[in-house]
Structure formats: C-alpha cells, structure tokens
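Novice: The file below is structure09.json, JSON, C-alpha atoms:
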```json
[["chain", "number", "residue", "atom", "x", "y", "z"],
["A", 1, "VAL", "CA", 6.15, 16.16, 7.72],
["A", 2, "SER", "CA", 4.73, 13.63, 5.31],
["A", 3, "VAL", "CA", 6.62, 11.58, 2.74],
["A", 4, "THR", "CA", 5.08, 9.43, 0.02],
["A", 5, "PHE", "CA", 6.82, 6.57, -1.71],
["A", 6, "ASP", "CA", 4.75, 6.31, -4.85],
["A", 7, "SER", "CA", 3.90, 2.71, -5.57],
["A", 8, "SER", "CA", 4.34, 3.38, -9.29],
["A", 9, "ALA", "CA", 8.10, 3.64, -8.59],
["A", 10, "ASP", "CA", 8.03, 0.34, -6.74],
["A", 11, "GLY", "CA", 9.77, -1.70, -9.44],
["A", 12, "SER", "CA", 12.42, 0.89, -10.18],
["A", 13, "TRP", "CA", 13.73, 1.47, -6.64],
["A", 14, "PRO", "CA", 16.11, -0.99, -5.03],
["A", 15, "TYR", "CA", 14.71, -1.96, -1.65],
["A", 16, "SER", "CA", 18.24, -1.75, -0.27],
["A", 17, "PHE", "CA", 17.51, 1.99, -0.27],
["A", 18, "PHE", "CA", 15.37, 1.45, 2.84],
["A", 19, "SER", "CA", 18.12, -0.46, 4.66],
["A", 20, "SER", "CA", 20.79, 2.18, 3.97],
["A", 21, "THR", "CA", 22.27, 3.53, 7.21],
["A", 22, "GLN", "CA", 22.70, 6.94, 5.58],
["A", 23, "ILE", "CA", 19.08, 7.13, 4.46],
["A", 24, "LYS", "CA", 17.86, 6.01, 7.89],
["A", 25, "THR", "CA", 20.02, 8.64, 9.59],
["A", 26, "LEU", "CA", 18.62, 11.36, 7.32],
["A", 27, "ALA", "CA", 15.05, 10.13, 7.78],
["A", 28, "LYS", "CA", 15.32, 10.12, 11.58],
["A", 29, "GLY", "CA", 15.95, 13.84, 11.37],
["A", 30, "TYR", "CA", 12.42, 14.32, 10.01],
["A", 31, "ALA", "CA", 10.72, 12.35, 12.77],
["A", 32, "PRO", "CA", 7.98, 12.46, 13.72],
["A", 33, "ALA", "CA", 6.64, 12.03, 10.21],
["A", 34, "ILE", "CA", 4.17, 10.02, 8.19],
["A", 35, "PHE", "CA", 5.45, 7.65, 5.53],
["A", 36, "ARG", "CA", 2.78, 6.82, 2.96],
["A", 37, "TYR", "CA", 3.08, 4.02, 0.44],
["A", 38, "GLY", "CA", 0.52, 4.62, -2.27],
["A", 39, "GLY", "CA", -0.31, 6.85, -5.16],
["A", 40, "THR", "CA", -1.88, 6.14, -8.52],
["A", 41, "ALA", "CA", -0.49, 2.61, -8.84],
["A", 42, "GLU", "CA", -1.90, 1.53, -5.46],
["A", 43, "ASP", "CA", -5.11, 0.74, -7.33],
["A", 44, "GLU", "CA", -3.26, -1.78, -9.47],
["A", 45, "ILE", "CA", -1.37, -3.75, -6.81],
["A", 46, "THR", "CA", -2.16, -7.20, -5.47],
["A", 47, "TYR", "CA", -0.78, -8.23, -2.07],
["A", 48, "CYS", "CA", 1.03, -11.56, -2.15],
["A", 49, "VAL", "CA", 1.81, -11.89, 1.54],
["A", 50, "GLU", "CA", 1.37, -15.65, 1.65],
["A", 51, "SER", "CA", 4.49, -16.02, -0.46],
["A", 52, "ASN", "CA", 7.51, -14.00, -1.41],
["A", 53, "ASN", "CA", 6.99, -14.44, -5.12],
["A", 54, "ASN", "CA", 7.08, -11.40, -7.32],
["A", 55, "ASP", "CA", 4.31, -12.91, -9.39],
["A", 56, "TYR", "CA", 1.42, -11.30, -11.18],
["A", 57, "ARG", "CA", -2.17, -12.10, -10.40],
["A", 58, "ALA", "CA", -5.02, -10.85, -12.57],
["A", 59, "SER", "CA", -2.43, -8.85, -14.53],
["A", 60, "TYR", "CA", -1.67, -6.67, -11.53],
["A", 61, "PRO", "CA", 1.76, -6.22, -9.92],
["A", 62, "CYS", "CA", 2.31, -8.13, -6.70],
["A", 63, "LEU", "CA", 3.69, -6.61, -3.51],
["A", 64, "ASN", "CA", 5.20, -9.50, -1.57],
["A", 65, "SER", "CA", 5.60, -9.74, 2.19],
["A", 66, "THR", "CA", 9.35, -9.07, 2.14],
["A", 67, "LYS", "CA", 8.87, -5.74, 0.38],
["A", 68, "PHE", "CA", 5.87, -4.81, 2.51],
["A", 69, "PHE", "CA", 7.64, -5.52, 5.79],
["A", 70, "ASP", "CA", 10.80, -3.76, 4.59],
["A", 71, "LEU", "CA", 8.68, -0.63, 4.18],
["A", 72, "THR", "CA", 7.07, -0.97, 7.62],
["A", 73, "SER", "CA", 10.42, -1.76, 9.22],
["A", 74, "PHE", "CA", 11.97, 1.34, 7.69],
["A", 75, "ALA", "CA", 9.16, 3.52, 9.04],
["A", 76, "LYS", "CA", 9.37, 1.99, 12.50],
["A", 77, "THR", "CA", 13.18, 2.23, 12.63],
["A", 78, "VAL", "CA", 13.24, 5.94, 11.75],
["A", 79, "GLY", "CA", 10.30, 6.86, 13.99],
["A", 80, "TRP", "CA", 7.75, 7.48, 11.27],
["A", 81, "LYS", "CA", 4.12, 6.33, 11.16],
["A", 82, "PHE", "CA", 3.28, 4.11, 8.18],
["A", 83, "VAL", "CA", 0.18, 4.68, 6.03],
["A", 84, "PHE", "CA", -0.62, 2.10, 3.37],
["A", 85, "GLY", "CA", -2.77, 2.70, 0.29],
["A", 86, "LEU", "CA", -5.15, -0.16, -0.54],
["A", 87, "ASN", "CA", -6.26, -1.12, -4.03],
["A", 88, "GLU", "CA", -9.87, 0.01, -4.43],
["A", 89, "ILE", "CA", -10.41, -1.08, -8.02],
["A", 90, "ASN", "CA", -9.50, -4.75, -7.96],
["A", 91, "PRO", "CA", -10.86, -7.08, -6.91],
["A", 92, "ARG", "CA", -14.53, -6.20, -7.04],
["A", 93, "TYR", "CA", -17.59, -8.40, -6.70],
["A", 94, "ALA", "CA", -20.03, -8.94, -9.58],
["A", 95, "ASN", "CA", -22.31, -6.24, -8.09],
["A", 96, "ASN", "CA", -19.35, -3.79, -8.35],
["A", 97, "SER", "CA", -18.81, -3.55, -4.58],
["A", 98, "TRP", "CA", -15.25, -3.69, -3.28],
["A", 99, "ASN", "CA", -13.97, -7.17, -2.48],
["A", 100, "PRO", "CA", -11.71, -6.70, 0.57],
["A", 101, "SER", "CA", -10.36, -10.28, 0.61],
["A", 102, "ASN", "CA", -6.86, -9.37, -0.60],
["A", 103, "ALA", "CA", -6.66, -6.40, 1.79],
["A", 104, "ILE", "CA", -7.84, -8.61, 4.66],
["A", 105, "THR", "CA", -5.04, -11.07, 3.89],
["A", 106, "LEU", "CA", -2.54, -8.23, 4.14],
["A", 107, "MET", "CA", -4.06, -6.92, 7.37],
["A", 108, "GLN", "CA", -4.02, -10.40, 8.90],
["A", 109, "ALA", "CA", -0.29, -10.64, 8.14],
["A", 110, "VAL", "CA", 0.18, -7.33, 9.95],
["A", 111, "ILE", "CA", -1.84, -8.57, 12.94],
["A", 112, "LYS", "CA", 0.28, -11.75, 13.11],
["A", 113, "THR", "CA", 3.37, -9.60, 13.76],
["A", 114, "GLY", "CA", 1.89, -8.71, 17.15],
["A", 115, "ASP", "CA", 2.77, -5.05, 16.62],
["A", 116, "PRO", "CA", -0.44, -2.99, 16.71],
["A", 117, "LYS", "CA", 1.44, 0.16, 15.66],
["A", 118, "LEU", "CA", 3.07, -1.35, 12.57],
["A", 119, "VAL", "CA", 0.53, 0.31, 10.26],
["A", 120, "PHE", "CA", -0.83, 3.64, 11.45],
["A", 121, "ALA", "CA", -3.62, 3.84, 8.85],
["A", 122, "TYR", "CA", -4.93, 2.41, 5.61],
["A", 123, "GLU", "CA", -6.13, 4.48, 2.67],
["A", 124, "LEU", "CA", -8.75, 2.97, 0.36],
["A", 125, "GLY", "CA", -8.02, 4.06, -3.18],
["A", 126, "ASN", "CA", -6.05, 7.00, -4.48],
["A", 127, "GLU", "CA", -7.82, 9.98, -6.02],
["A", 128, "PRO", "CA", -10.88, 8.09, -7.27],
["A", 129, "ASP", "CA", -12.07, 11.18, -9.11],
["A", 130, "LEU", "CA", -9.05, 10.77, -11.39],
["A", 131, "TYR", "CA", -9.35, 7.03, -12.13],
["A", 132, "SER", "CA", -10.42, 7.51, -15.73],
["A", 133, "SER", "CA", -7.81, 10.19, -16.47],
["A", 134, "ASN", "CA", -5.13, 7.93, -14.96],
["A", 135, "GLY", "CA", -6.09, 5.14, -17.34],
["A", 136, "LEU", "CA", -7.76, 3.00, -14.69],
["A", 137, "SER", "CA", -10.89, 1.23, -15.79],
["A", 138, "SER", "CA", -13.53, 2.01, -13.23],
["A", 139, "ASN", "CA", -17.22, 2.68, -13.21],
["A", 140, "LEU", "CA", -17.35, 3.70, -9.57],
["A", 141, "THR", "CA", -19.95, 6.22, -8.53],
["A", 142, "GLY", "CA", -19.85, 8.37, -5.41],
["A", 143, "LYS", "CA", -22.62, 6.23, -3.97],
["A", 144, "GLN", "CA", -20.64, 3.02, -4.61],
["A", 145, "GLU", "CA", -17.56, 4.50, -2.98],
["A", 146, "GLY", "CA", -19.61, 5.39, 0.08],
["A", 147, "ILE", "CA", -20.74, 1.78, 0.25],
["A", 148, "ASP", "CA", -17.13, 0.59, -0.16],
["A", 149, "PHE", "CA", -16.07, 2.72, 2.81],
["A", 150, "SER", "CA", -18.89, 1.51, 5.06]]
```
In structure tokens, how does this file's structure come out?
Specialist:
Amino acid sequence: VSVTFDSSADGSWPYSFFSSTQIKTLAKGYAPAIFRYGGTAEDEITYCVESNNNDYRASYPCLNSTKFFDLTSFAKTVGWKFVFGLNEINPRYANNSWNPSNAITLMQAVIKTGDPKLVFAYELGNEPDLYSSNGLSSNLTGKQEGIDFS
C-alpha cells in the first residue's frame, strides 16, 4: 500500500491530523505501507529546517522542521516508510544544473536525528515531463535531468 500526502495541500491541512489517535490507529491497519510527501508542489517548496519559521524564500513556500518531523514521526509511529519528494526546479545554478544545497540541509537535519530509517527514500522532482503543463517554469532537458541525478 502506498499513500501520498500531496504537498500542494500542505497549507490547507491541519498538522494535528497526523497526531490524531484515531488517524494513527487507522493508518496502522495499512502497515506496512509507504507514505510519500510530494506531488506537483514539491518542486516549489524550500526547506527551512534551520528555523521553524513559516517564511517564504525566493517566493517559494517553506516547509519548516516542525512540519517535516511531524510527517516523519507519523510514518514511523504507524509503521510506514517515509518517502520525501525534493524540489528539482529551485534552486539551480547559473549553468542550469540542480543546486542541492537546500536538500543537503534537509538531509543533514535528518542525519542529526541519529535515525537512519527516518527517511526511506528521496524523490528528485515530480513528473518532470509535466512541468510546463503544471505551470512550472523549467527549461530542463532529459540530458540535464540525467546530470542532476548523477
């Protein structure tokens, strides 16, 4: 079983949803499962793990550490593996290659928890073939994406 919490719904869902005893009880019934946080909006999110501000950087929504670790905690508590979708579009270097600095900051925060199983996998970008139809400004080629993944 796989469940996706679409990051585009991030601002409209109360995070208390993930601490609800009833929701956790229901979710445990689906274990083992994969819980993916991502979707179209993952390519518009900045990770603000150094602070808990809900600020905006470079006009992109910010996922703070409290929200991020609430998601991972939920997955761990109910026995699900957590997959996190990384922003592939921003930031990028001047040569159009992916700048992983923000993702590295997030991954370092995960490493600091001392729990190697906190995040099962990372996904780089969501449906890159649909970036333009989803209103995302991107001039990525297949070749560039291959470079980004290497």
Novice: Pick out the residues sitting within 8 Å of A:Gly79, and hand them over as JSON, numbers by chain; count all atoms listed in the file, and ignore anything fewer than 3 positions along from it in its own chain.
Specialist: {"A": [28, 31, 32, 33, 75, 76]}
Novice: So that I can check the surroundings of A:Gly38, please list as a list in words every protein, DNA and RNA residue that reaches within 6 Å of it, counting only C-alpha atoms and ignoring chain neighbours fewer than 4 positions away.
Specialist: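 Close residues of A:Gly38: Asp6, Ser7, Glu42 and Gly85 of chain A.
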Novice: Fewer than 4 positions away in the same chain doesn't count, so skip those; otherwise give me all residues within 6 Å of stretch 112-126 of chain A, counting only C-alpha atoms, as a ChimeraX atom specification.
Specialist: /A:39-40,81-88
Novice: Measuring atom to atom with all atoms listed in the file, identify which of A:Leu26, A:Glu50, A:Glu127, A:Asp148 is nearest to A:Pro100.
Specialist: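 Of all the options, A:Asp148 lies closest to A:Pro100.
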Novice: How many Å lie between atom CA of A:Leu106 and atom CA of A:Pro91, rounded to one decimal?
Specialist: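 Those two atoms sit 13.9 Å apart.
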Novice: Under the rule that only C-alpha atoms are counted, which of A:Leu130, A:Ala9, A:Val78, A:Leu140 is the nearest residue to A:Asn90?
Specialist: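 That would be A:Leu140, the residue with the smallest distance to A:Asn90.
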Novice: Report, in Å with one decimal, the straight-line distance from atom CA of A:Ala94 to atom CA of A:Cys48.
Specialist: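 Taking atom CA of A:Ala94 and atom CA of A:Cys48, their separation equals 22.5 Å.
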Novice: Could you please determine the separation between atom CA of A:Asn95 and atom CA of A:Tyr131 in Å, to one decimal place?
Specialist: 19.0 Å
Novice: From the options A:Phe74, A:Ala41, A:Trp80, A:Asn99, which residue's atoms come nearest to A:Cys62, counting only C-alpha atoms?
Specialist: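 Using only C-alpha atoms, A:Cys62 sits closest to A:Ala41.
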Novice: Hey, which of A:Thr46, A:Gly146, A:Thr72, A:Thr77 ends up closest to A:Thr25? Count all atoms listed in the file.
Specialist: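 Ranked by minimum distance to A:Thr25, first place goes to A:Thr77.
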Novice: Skipping near chain neighbours, those fewer than 2 positions away, what residues fall within 9 Å of A:Tyr47 using all atoms listed in the file, listed as a PDB file with C-alpha atoms, in the coordinates of the input?
Specialist:
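Below is the file around_34.pdb, written as the result:
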```
ATOM      1  CA  ILE A  45      -1.370  -3.750  -6.810  1.00  0.00           C
ATOM      2  CA  VAL A  49       1.810 -11.890   1.540  1.00  0.00           C
ATOM      3  CA  GLU A  50       1.370 -15.650   1.650  1.00  0.00           C
ATOM      4  CA  PRO A  61       1.760  -6.220  -9.920  1.00  0.00           C
ATOM      5  CA  CYS A  62       2.310  -8.130  -6.700  1.00  0.00           C
ATOM      6  CA  LEU A  63       3.690  -6.610  -3.510  1.00  0.00           C
ATOM      7  CA  ASN A  64       5.200  -9.500  -1.570  1.00  0.00           C
ATOM      8  CA  SER A  65       5.600  -9.740   2.190  1.00  0.00           C
ATOM      9  CA  PHE A  68       5.870  -4.810   2.510  1.00  0.00           C
ATOM     10  CA  ASN A 102      -6.860  -9.370  -0.600  1.00  0.00           C
ATOM     11  CA  ALA A 103      -6.660  -6.400   1.790  1.00  0.00           C
ATOM     12  CA  THR A 105      -5.040 -11.070   3.890  1.00  0.00           C
ATOM     13  CA  LEU A 106      -2.540  -8.230   4.140  1.00  0.00           C
TER      14      LEU A 106
END
```
Novice: Which is closest to A:Ser8 among A:Thr21, A:Ala27, A:Glu44, A:Ser133, if we use only C-alpha atoms?
Specialist: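 Checking each of A:Thr21, A:Ala27, A:Glu44, A:Ser133 against A:Ser8, counting only C-alpha atoms, the winner is A:Glu44.
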Novice: Identify the residues around (10.2, 0.8, 0.9) within a radius of 8 Å, measuring from only C-alpha atoms in the coordinates stated by the file, and give them as a PyMOL selection string.
Specialist: chain A and resi 5+10+15+17-18+37+67-68+70-72+74
